[in-house]
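Asks: One file: coords34.pdb (PDB, C-alpha atoms).
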```pdb
ATOM      1  CA  MET A  21      -3.691  -6.285  11.816  1.00  0.00           C
ATOM      2  CA  SER A  22      -3.626 -10.017  11.373  1.00  0.00           C
ATOM      3  CA  LEU A  23      -4.372 -12.044   8.273  1.00  0.00           C
ATOM      4  CA  GLN A  24      -7.878 -12.703   9.631  1.00  0.00           C
ATOM      5  CA  ASP A  25      -8.647  -8.994   9.317  1.00  0.00           C
ATOM      6  CA  TYR A  26      -8.308  -9.359   5.544  1.00  0.00           C
ATOM      7  CA  ALA A  27     -10.382 -12.518   5.152  1.00  0.00           C
ATOM      8  CA  GLN A  28     -13.397 -12.126   2.846  1.00  0.00           C
ATOM      9  CA  ARG A  29     -12.335  -8.587   1.924  1.00  0.00           C
ATOM     10  CA  LYS A  30     -10.966  -6.968  -1.186  1.00  0.00           C
ATOM     11  CA  TYR A  31      -7.704  -5.242  -0.406  1.00  0.00           C
ATOM     12  CA  ASP A  32      -5.330  -2.832  -2.084  1.00  0.00           C
ATOM     13  CA  TYR A  33      -1.562  -2.578  -2.151  1.00  0.00           C
ATOM     14  CA  LEU A  34      -0.377  -0.105   0.430  1.00  0.00           C
ATOM     15  CA  GLY A  35       1.039   2.711  -1.671  1.00  0.00           C
ATOM     16  CA  LEU A  36       1.033   5.599   0.790  1.00  0.00           C
ATOM     17  CA  ARG A  37       3.663   5.096   3.462  1.00  0.00           C
ATOM     18  CA  ASP A  38       4.261   6.987   6.687  1.00  0.00           C
ATOM     19  CA  VAL A  39       0.552   7.333   7.428  1.00  0.00           C
ATOM     20  CA  ASN A  40       0.168   7.741  11.159  1.00  0.00           C
ATOM     21  CA  PRO A  41      -3.338   8.404  12.488  1.00  0.00           C
ATOM     22  CA  LEU A  42      -1.898   9.839  15.721  1.00  0.00           C
ATOM     23  CA  LYS A  43       0.445  12.471  14.308  1.00  0.00           C
ATOM     24  CA  GLU A  44       1.199  14.537  11.234  1.00  0.00           C
ATOM     25  CA  ALA A  45       3.406  12.792   8.700  1.00  0.00           C
ATOM     26  CA  LYS A  46       4.287  13.469   5.086  1.00  0.00           C
ATOM     27  CA  LEU A  47       3.090  10.728   2.747  1.00  0.00           C
ATOM     28  CA  GLY A  48       5.585   8.738   0.748  1.00  0.00           C
ATOM     29  CA  LEU A  49       4.722   6.704  -2.345  1.00  0.00           C
ATOM     30  CA  GLU A  50       6.360   3.293  -2.076  1.00  0.00           C
ATOM     31  CA  LEU A  51       5.022  -0.138  -3.038  1.00  0.00           C
ATOM     32  CA  PHE A  52       8.025  -2.056  -1.682  1.00  0.00           C
ATOM     33  CA  ASN A  53      11.478  -1.403  -0.249  1.00  0.00           C
ATOM     34  CA  LYS A  54      14.561  -3.220   1.094  1.00  0.00           C
ATOM     35  CA  THR A  55      12.724  -4.545   4.158  1.00  0.00           C
ATOM     36  CA  THR A  56       9.341  -5.522   2.705  1.00  0.00           C
ATOM     37  CA  SER A  57       8.102  -6.944  -0.559  1.00  0.00           C
ATOM     38  CA  GLY A  58       4.918  -4.931  -0.180  1.00  0.00           C
ATOM     39  CA  GLN A  59       1.966  -4.580   2.155  1.00  0.00           C
ATOM     40  CA  ILE A  60      -1.793  -4.487   1.742  1.00  0.00           C
ATOM     41  CA  CYS A  61      -4.482  -2.295   3.249  1.00  0.00           C
ATOM     42  CA  THR A  62      -8.231  -2.133   3.728  1.00  0.00           C
ATOM     43  CA  GLY A  63     -10.629   0.213   5.469  1.00  0.00           C
ATOM     44  CA  VAL A  64     -10.120   3.931   5.780  1.00  0.00           C
ATOM     45  CA  GLN A  65      -6.501   3.665   4.547  1.00  0.00           C
ATOM     46  CA  LYS A  66      -7.693   2.055   1.306  1.00  0.00           C
ATOM     47  CA  LEU A  67     -10.354   4.757   0.985  1.00  0.00           C
ATOM     48  CA  ALA A  68      -7.732   7.497   1.502  1.00  0.00           C
ATOM     49  CA  GLN A  69      -5.646   6.025  -1.325  1.00  0.00           C
ATOM     50  CA  ARG A  70      -8.666   5.823  -3.633  1.00  0.00           C
ATOM     51  CA  TRP A  71      -9.562   9.428  -2.782  1.00  0.00           C
ATOM     52  CA  LEU A  72      -6.018  10.657  -3.440  1.00  0.00           C
ATOM     53  CA  LEU A  73      -5.796   8.883  -6.804  1.00  0.00           C
ATOM     54  CA  GLU A  74      -9.063  10.511  -7.866  1.00  0.00           C
ATOM     55  CA  PHE A  75      -7.861  13.916  -6.590  1.00  0.00           C
ATOM     56  CA  MET A  76      -4.568  13.706  -8.500  1.00  0.00           C
ATOM     57  CA  THR A  77      -6.233  12.611 -11.758  1.00  0.00           C
ATOM     58  CA  GLU A  78      -7.212  15.394 -14.146  1.00  0.00           C
ATOM     59  CA  THR A  79     -10.732  15.076 -15.532  1.00  0.00           C
ATOM     60  CA  GLY A  80     -10.592  13.714 -19.079  1.00  0.00           C
ATOM     61  CA  SER A  81      -7.047  12.376 -18.787  1.00  0.00           C
ATOM     62  CA  MET A  82      -8.090   8.692 -18.815  1.00  0.00           C
ATOM     63  CA  PRO A  83      -9.162   7.423 -22.243  1.00  0.00           C
ATOM     64  CA  GLY A  84     -12.439   5.561 -21.928  1.00  0.00           C
ATOM     65  CA  LEU A  85     -13.145   7.081 -18.490  1.00  0.00           C
ATOM     66  CA  PRO A  86     -13.674  10.780 -19.269  1.00  0.00           C
ATOM     67  CA  ASP A  87     -15.528  11.532 -16.000  1.00  0.00           C
ATOM     68  CA  ARG A  88     -12.827  10.211 -13.677  1.00  0.00           C
ATOM     69  CA  GLY A  89     -10.767  12.673 -11.670  1.00  0.00           C
ATOM     70  CA  CYS A  90     -11.373  16.339 -10.946  1.00  0.00           C
ATOM     71  CA  ASP A  91     -10.195  19.751 -12.119  1.00  0.00           C
ATOM     72  CA  PHE A  92      -7.953  20.584  -9.141  1.00  0.00           C
ATOM     73  CA  MET A  93      -4.658  19.461 -10.691  1.00  0.00           C
ATOM     74  CA  LEU A  94      -5.553  21.068 -14.034  1.00  0.00           C
ATOM     75  CA  TYR A  95      -5.917  24.445 -12.319  1.00  0.00           C
ATOM     76  CA  VAL A  96      -2.679  23.905 -10.399  1.00  0.00           C
ATOM     77  CA  ARG A  97      -0.816  22.972 -13.585  1.00  0.00           C
ATOM     78  CA  GLN A  98      -2.168  26.093 -15.303  1.00  0.00           C
ATOM     79  CA  GLY A  99      -1.092  28.281 -12.367  1.00  0.00           C
ATOM     80  CA  ARG A 100      -4.635  29.492 -11.756  1.00  0.00           C
ATOM     81  CA  MET A 101      -4.673  29.229  -7.938  1.00  0.00           C
ATOM     82  CA  ARG A 102      -3.048  32.028  -6.053  1.00  0.00           C
ATOM     83  CA  THR A 103      -5.194  32.626  -2.958  1.00  0.00           C
ATOM     84  CA  GLN A 104      -6.641  30.599  -0.095  1.00  0.00           C
ATOM     85  CA  LEU A 105     -10.145  31.401  -1.332  1.00  0.00           C
ATOM     86  CA  GLU A 106      -9.363  30.025  -4.806  1.00  0.00           C
ATOM     87  CA  ILE A 107      -7.949  26.840  -3.284  1.00  0.00           C
ATOM     88  CA  GLN A 108     -10.968  26.358  -0.999  1.00  0.00           C
ATOM     89  CA  SER A 109     -13.426  27.030  -3.808  1.00  0.00           C
ATOM     90  CA  LEU A 110     -11.775  24.645  -6.259  1.00  0.00           C
ATOM     91  CA  PHE A 111     -11.321  21.986  -3.582  1.00  0.00           C
ATOM     92  CA  SER A 112     -15.047  22.113  -2.785  1.00  0.00           C
ATOM     93  CA  ALA A 113     -15.986  21.812  -6.463  1.00  0.00           C
ATOM     94  CA  SER A 114     -13.463  18.992  -6.953  1.00  0.00           C
ATOM     95  CA  GLU A 115     -14.746  17.117  -3.906  1.00  0.00           C
ATOM     96  CA  VAL A 116     -18.205  16.945  -5.505  1.00  0.00           C
ATOM     97  CA  ASP A 117     -16.692  15.162  -8.530  1.00  0.00           C
ATOM     98  CA  ILE A 118     -14.479  12.905  -6.405  1.00  0.00           C
ATOM     99  CA  HIS A 119     -17.375  11.952  -4.130  1.00  0.00           C
ATOM    100  CA  ARG A 120     -19.563  11.074  -7.120  1.00  0.00           C
ATOM    101  CA  ASN A 121     -16.824   9.003  -8.764  1.00  0.00           C
ATOM    102  CA  LEU A 122     -15.997   7.064  -5.599  1.00  0.00           C
ATOM    103  CA  GLN A 123     -19.678   6.336  -4.967  1.00  0.00           C
ATOM    104  CA  ARG A 124     -19.986   4.982  -8.523  1.00  0.00           C
ATOM    105  CA  GLU A 125     -17.287   2.419  -7.654  1.00  0.00           C
ATOM    106  CA  GLU A 126     -19.200   1.155  -4.612  1.00  0.00           C
ATOM    107  CA  TYR A 127     -20.829  -2.247  -4.812  1.00  0.00           C
ATOM    108  CA  ASP A 128     -23.237  -4.315  -2.737  1.00  0.00           C
ATOM    109  CA  GLY A 129     -21.400  -5.792   0.207  1.00  0.00           C
ATOM    110  CA  MET A 130     -18.637  -3.184   0.196  1.00  0.00           C
ATOM    111  CA  PRO A 131     -17.653  -2.541   3.844  1.00  0.00           C
ATOM    112  CA  ASN A 132     -18.704   0.827   5.296  1.00  0.00           C
ATOM    113  CA  ASP A 133     -15.109   1.552   6.304  1.00  0.00           C
ATOM    114  CA  GLU A 134     -14.214   1.738   2.580  1.00  0.00           C
ATOM    115  CA  ARG A 135     -17.200   3.875   1.502  1.00  0.00           C
ATOM    116  CA  ILE A 136     -16.775   7.637   1.228  1.00  0.00           C
ATOM    117  CA  ASN A 137     -18.764   9.903   3.496  1.00  0.00           C
ATOM    118  CA  SER A 138     -16.877  13.160   2.963  1.00  0.00           C
ATOM    119  CA  ALA A 139     -13.517  14.802   2.549  1.00  0.00           C
ATOM    120  CA  ASN A 140     -12.756  18.166   4.083  1.00  0.00           C
ATOM    121  CA  LEU A 141      -9.976  20.615   3.406  1.00  0.00           C
ATOM    122  CA  LEU A 142      -8.493  21.330   6.831  1.00  0.00           C
ATOM    123  CA  ALA A 143      -5.678  23.630   5.749  1.00  0.00           C
ATOM    124  CA  ALA A 144      -3.869  24.878   2.689  1.00  0.00           C
ATOM    125  CA  ALA A 145      -0.559  26.685   2.573  1.00  0.00           C
ATOM    126  CA  ILE A 146       0.842  28.401  -0.492  1.00  0.00           C
ATOM    127  CA  LEU A 147       4.601  27.863  -0.386  1.00  0.00           C
ATOM    128  CA  PRO A 148       7.343  28.529  -2.946  1.00  0.00           C
ATOM    129  CA  GLY A 149       6.950  25.853  -5.623  1.00  0.00           C
ATOM    130  CA  TYR A 150       4.071  23.932  -4.064  1.00  0.00           C
ATOM    131  CA  LEU A 151       0.804  23.927  -2.195  1.00  0.00           C
ATOM    132  CA  GLN A 152       0.565  21.976   1.024  1.00  0.00           C
ATOM    133  CA  ILE A 153      -2.941  20.678   1.505  1.00  0.00           C
ATOM    134  CA  ARG A 154      -4.244  18.834   4.561  1.00  0.00           C
ATOM    135  CA  VAL A 155      -7.385  16.776   3.946  1.00  0.00           C
ATOM    136  CA  LYS A 156      -9.542  14.750   6.329  1.00  0.00           C
ATOM    137  CA  ILE A 157     -11.152  11.696   4.712  1.00  0.00           C
ATOM    138  CA  ASN A 158     -14.282  10.380   6.456  1.00  0.00           C
ATOM    139  CA  ASN A 159     -15.799   6.968   5.765  1.00  0.00           C
ATOM    140  CA  GLN A 160     -19.352   5.688   6.301  1.00  0.00           C
ATOM    141  CA  GLN A 161     -18.295   3.840   9.459  1.00  0.00           C
ATOM    142  CA  GLY A 162     -17.167   7.051  11.162  1.00  0.00           C
ATOM    143  CA  ASP A 163     -13.413   6.525  10.836  1.00  0.00           C
ATOM    144  CA  THR A 164     -11.185   9.314   9.576  1.00  0.00           C
ATOM    145  CA  ARG A 165      -7.749   9.641   8.047  1.00  0.00           C
ATOM    146  CA  GLU A 166      -5.871  12.905   7.670  1.00  0.00           C
ATOM    147  CA  ILE A 167      -3.425  13.189   4.804  1.00  0.00           C
ATOM    148  CA  ILE A 168      -1.013  15.923   3.783  1.00  0.00           C
ATOM    149  CA  VAL A 169      -0.700  16.362   0.041  1.00  0.00           C
ATOM    150  CA  PRO A 170       2.221  18.387  -1.333  1.00  0.00           C
ATOM    151  CA  VAL A 171       1.208  19.617  -4.792  1.00  0.00           C
ATOM    152  CA  ALA A 172       3.926  21.025  -7.050  1.00  0.00           C
ATOM    153  CA  THR A 173       3.016  24.380  -8.622  1.00  0.00           C
ATOM    154  CA  LEU A 174       4.391  26.735 -11.212  1.00  0.00           C
ATOM    155  CA  PRO A 175       6.950  29.204  -9.833  1.00  0.00           C
TER
END
```
Let's see the structure in the file written out as structure tokens.

Replies:
Amino acid sequence: MSLQDYAQRKYDYLGLRDVNPLKEAKLGLELFNKTTSGQICTGVQKLAQRWLLEFMTETGSMPGLPDRGCDFMLYVRQGRMRTQLEIQSLFSASEVDIHRNLQREEYDGMPNDERINSANLLAAAILPGYLQIRVKINNQQGDTREIIVPVATLP
């Protein structure tokens, strides 16, 4: 992308590294490193970051914003998910909350490539010490971004 691609747009700091739309890659959280003082993002990548922040936030954990987040991480922290069916069920319920919260943030003039359409759980693996969740984020423009979210669990 060139600087022109960001003109007249609100952007976000790129916090999720190693995103590759053409292949599977584990996300890394990094705002800057030895080779760059930071990058910015827009579009479906920005939407994926917004979605992930909402997903990782426990409902009620933000003073003054009691409706933000979802219950997924609360259930993980409490060790209440042990089967694929439980993961799928809680993901679906959490996606309703996430979708509502992201839509509340939308404003007139917001580009369609940053507006949520849906998020789908593609796969979930229960591994020793964590869940590996693959999610497909879909925006209103028709673009998608797949992310892999490793979620630490109780042993």

Asks: So that I can see what lies close to segment 77-81 of chain A, please list as number ranges by chain the residues with an atom at most 12 Å from it, counting only C-alpha atoms and leaving out residues fewer than 3 positions away in the same chain.

Replies: A: 70-74, 84-98, 114, 117-118, 121

Asks: For those residues, write C-alpha atoms to a file as a PDB file, keeping the file's coordinate frame.

Replies:
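Output below, filename result-v9.pdb:
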```pdb
ATOM      1  CA  ARG A  70      -8.666   5.823  -3.633  1.00  0.00           C
ATOM      2  CA  TRP A  71      -9.562   9.428  -2.782  1.00  0.00           C
ATOM      3  CA  LEU A  72      -6.018  10.657  -3.440  1.00  0.00           C
ATOM      4  CA  LEU A  73      -5.796   8.883  -6.804  1.00  0.00           C
ATOM      5  CA  GLU A  74      -9.063  10.511  -7.866  1.00  0.00           C
ATOM      6  CA  GLY A  84     -12.439   5.561 -21.928  1.00  0.00           C
ATOM      7  CA  LEU A  85     -13.145   7.081 -18.490  1.00  0.00           C
ATOM      8  CA  PRO A  86     -13.674  10.780 -19.269  1.00  0.00           C
ATOM      9  CA  ASP A  87     -15.528  11.532 -16.000  1.00  0.00           C
ATOM     10  CA  ARG A  88     -12.827  10.211 -13.677  1.00  0.00           C
ATOM     11  CA  GLY A  89     -10.767  12.673 -11.670  1.00  0.00           C
ATOM     12  CA  CYS A  90     -11.373  16.339 -10.946  1.00  0.00           C
ATOM     13  CA  ASP A  91     -10.195  19.751 -12.119  1.00  0.00           C
ATOM     14  CA  PHE A  92      -7.953  20.584  -9.141  1.00  0.00           C
ATOM     15  CA  MET A  93      -4.658  19.461 -10.691  1.00  0.00           C
ATOM     16  CA  LEU A  94      -5.553  21.068 -14.034  1.00  0.00           C
ATOM     17  CA  TYR A  95      -5.917  24.445 -12.319  1.00  0.00           C
ATOM     18  CA  VAL A  96      -2.679  23.905 -10.399  1.00  0.00           C
ATOM     19  CA  ARG A  97      -0.816  22.972 -13.585  1.00  0.00           C
ATOM     20  CA  GLN A  98      -2.168  26.093 -15.303  1.00  0.00           C
ATOM     21  CA  SER A 114     -13.463  18.992  -6.953  1.00  0.00           C
ATOM     22  CA  ASP A 117     -16.692  15.162  -8.530  1.00  0.00           C
ATOM     23  CA  ILE A 118     -14.479  12.905  -6.405  1.00  0.00           C
ATOM     24  CA  ASN A 121     -16.824   9.003  -8.764  1.00  0.00           C
TER      25      ASN A 121
END
```

Asks: So how many Å separate atom CA of Arg102 of chain A and atom CA of Leu122 of chain A, to one decimal?

Replies: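 That distance, rounded to one decimal, is 28.1 Å.
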
Asks: Which residues are close to segment 154-159 of chain A, i.e. within 10 Å by all atoms listed in the file, leaving aside same-chain residues fewer than 5 positions away? Reply as a ChimeraX atom specification.

Replies: /A:44,63-65,67-69,71-72,111,131-145,164-170

Asks: Could you please take those selected residues and save C-alpha atoms as a PDB file, in the frame of the given file?

Replies:
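Below is the file part_37.pdb, written as the result:
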```pdb
ATOM      1  CA  GLU A  44       1.199  14.537  11.234  1.00  0.00           C
ATOM      2  CA  GLY A  63     -10.629   0.213   5.469  1.00  0.00           C
ATOM      3  CA  VAL A  64     -10.120   3.931   5.780  1.00  0.00           C
ATOM      4  CA  GLN A  65      -6.501   3.665   4.547  1.00  0.00           C
ATOM      5  CA  LEU A  67     -10.354   4.757   0.985  1.00  0.00           C
ATOM      6  CA  ALA A  68      -7.732   7.497   1.502  1.00  0.00           C
ATOM      7  CA  GLN A  69      -5.646   6.025  -1.325  1.00  0.00           C
ATOM      8  CA  TRP A  71      -9.562   9.428  -2.782  1.00  0.00           C
ATOM      9  CA  LEU A  72      -6.018  10.657  -3.440  1.00  0.00           C
ATOM     10  CA  PHE A 111     -11.321  21.986  -3.582  1.00  0.00           C
ATOM     11  CA  PRO A 131     -17.653  -2.541   3.844  1.00  0.00           C
ATOM     12  CA  ASN A 132     -18.704   0.827   5.296  1.00  0.00           C
ATOM     13  CA  ASP A 133     -15.109   1.552   6.304  1.00  0.00           C
ATOM     14  CA  GLU A 134     -14.214   1.738   2.580  1.00  0.00           C
ATOM     15  CA  ARG A 135     -17.200   3.875   1.502  1.00  0.00           C
ATOM     16  CA  ILE A 136     -16.775   7.637   1.228  1.00  0.00           C
ATOM     17  CA  ASN A 137     -18.764   9.903   3.496  1.00  0.00           C
ATOM     18  CA  SER A 138     -16.877  13.160   2.963  1.00  0.00           C
ATOM     19  CA  ALA A 139     -13.517  14.802   2.549  1.00  0.00           C
ATOM     20  CA  ASN A 140     -12.756  18.166   4.083  1.00  0.00           C
ATOM     21  CA  LEU A 141      -9.976  20.615   3.406  1.00  0.00           C
ATOM     22  CA  LEU A 142      -8.493  21.330   6.831  1.00  0.00           C
ATOM     23  CA  ALA A 143      -5.678  23.630   5.749  1.00  0.00           C
ATOM     24  CA  ALA A 144      -3.869  24.878   2.689  1.00  0.00           C
ATOM     25  CA  ALA A 145      -0.559  26.685   2.573  1.00  0.00           C
ATOM     26  CA  THR A 164     -11.185   9.314   9.576  1.00  0.00           C
ATOM     27  CA  ARG A 165      -7.749   9.641   8.047  1.00  0.00           C
ATOM     28  CA  GLU A 166      -5.871  12.905   7.670  1.00  0.00           C
ATOM     29  CA  ILE A 167      -3.425  13.189   4.804  1.00  0.00           C
ATOM     30  CA  ILE A 168      -1.013  15.923   3.783  1.00  0.00           C
ATOM     31  CA  VAL A 169      -0.700  16.362   0.041  1.00  0.00           C
ATOM     32  CA  PRO A 170       2.221  18.387  -1.333  1.00  0.00           C
TER      33      PRO A 170
END
```

Asks: Could you tell me how far atom CA of Gln161 of chain A sits from atom CA of Ser109 of chain A, in Å to one decimal place?

Replies: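 These atoms are spaced 27.2 Å apart.
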
Asks: Between atom CA of Met101 of chain A and atom CA of Gly149 of chain A, what is the spacing in Å?

Replies: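 Between atom CA of Gly149 of chain A and atom CA of Met101 of chain A the gap works out to 12.3 Å.
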
Asks: So, with only C-alpha atoms as the atoms that count, which of A:Phe75, A:Asp128, A:Met82, A:Cys61 lies closest to Glu115 of chain A?

Replies: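 Looking only at the distances to Glu115 of chain A, the closest residue turns out to be A:Phe75.
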
Asks: As JSON, what would the box around segment 128-139 of chain A look like: edges along x, y and z, 4 Å added on every side, centre and edge lengths in Å to one decimal?

Replies:
```
{"center_x": -18.4, "center_y": 4.5, "center_z": 1.8, "size_x": 17.7, "size_y": 28.6, "size_z": 17.0}
```

Asks: When distances are computed from only C-alpha atoms, which of A:Asp163, A:Gln59, A:Ile153, A:Leu174 shows the smallest separation from Gln104 of chain A?

Replies: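 Between A:Asp163, A:Gln59, A:Ile153, A:Leu174, the residue approaching Gln104 of chain A most closely is A:Ile153.
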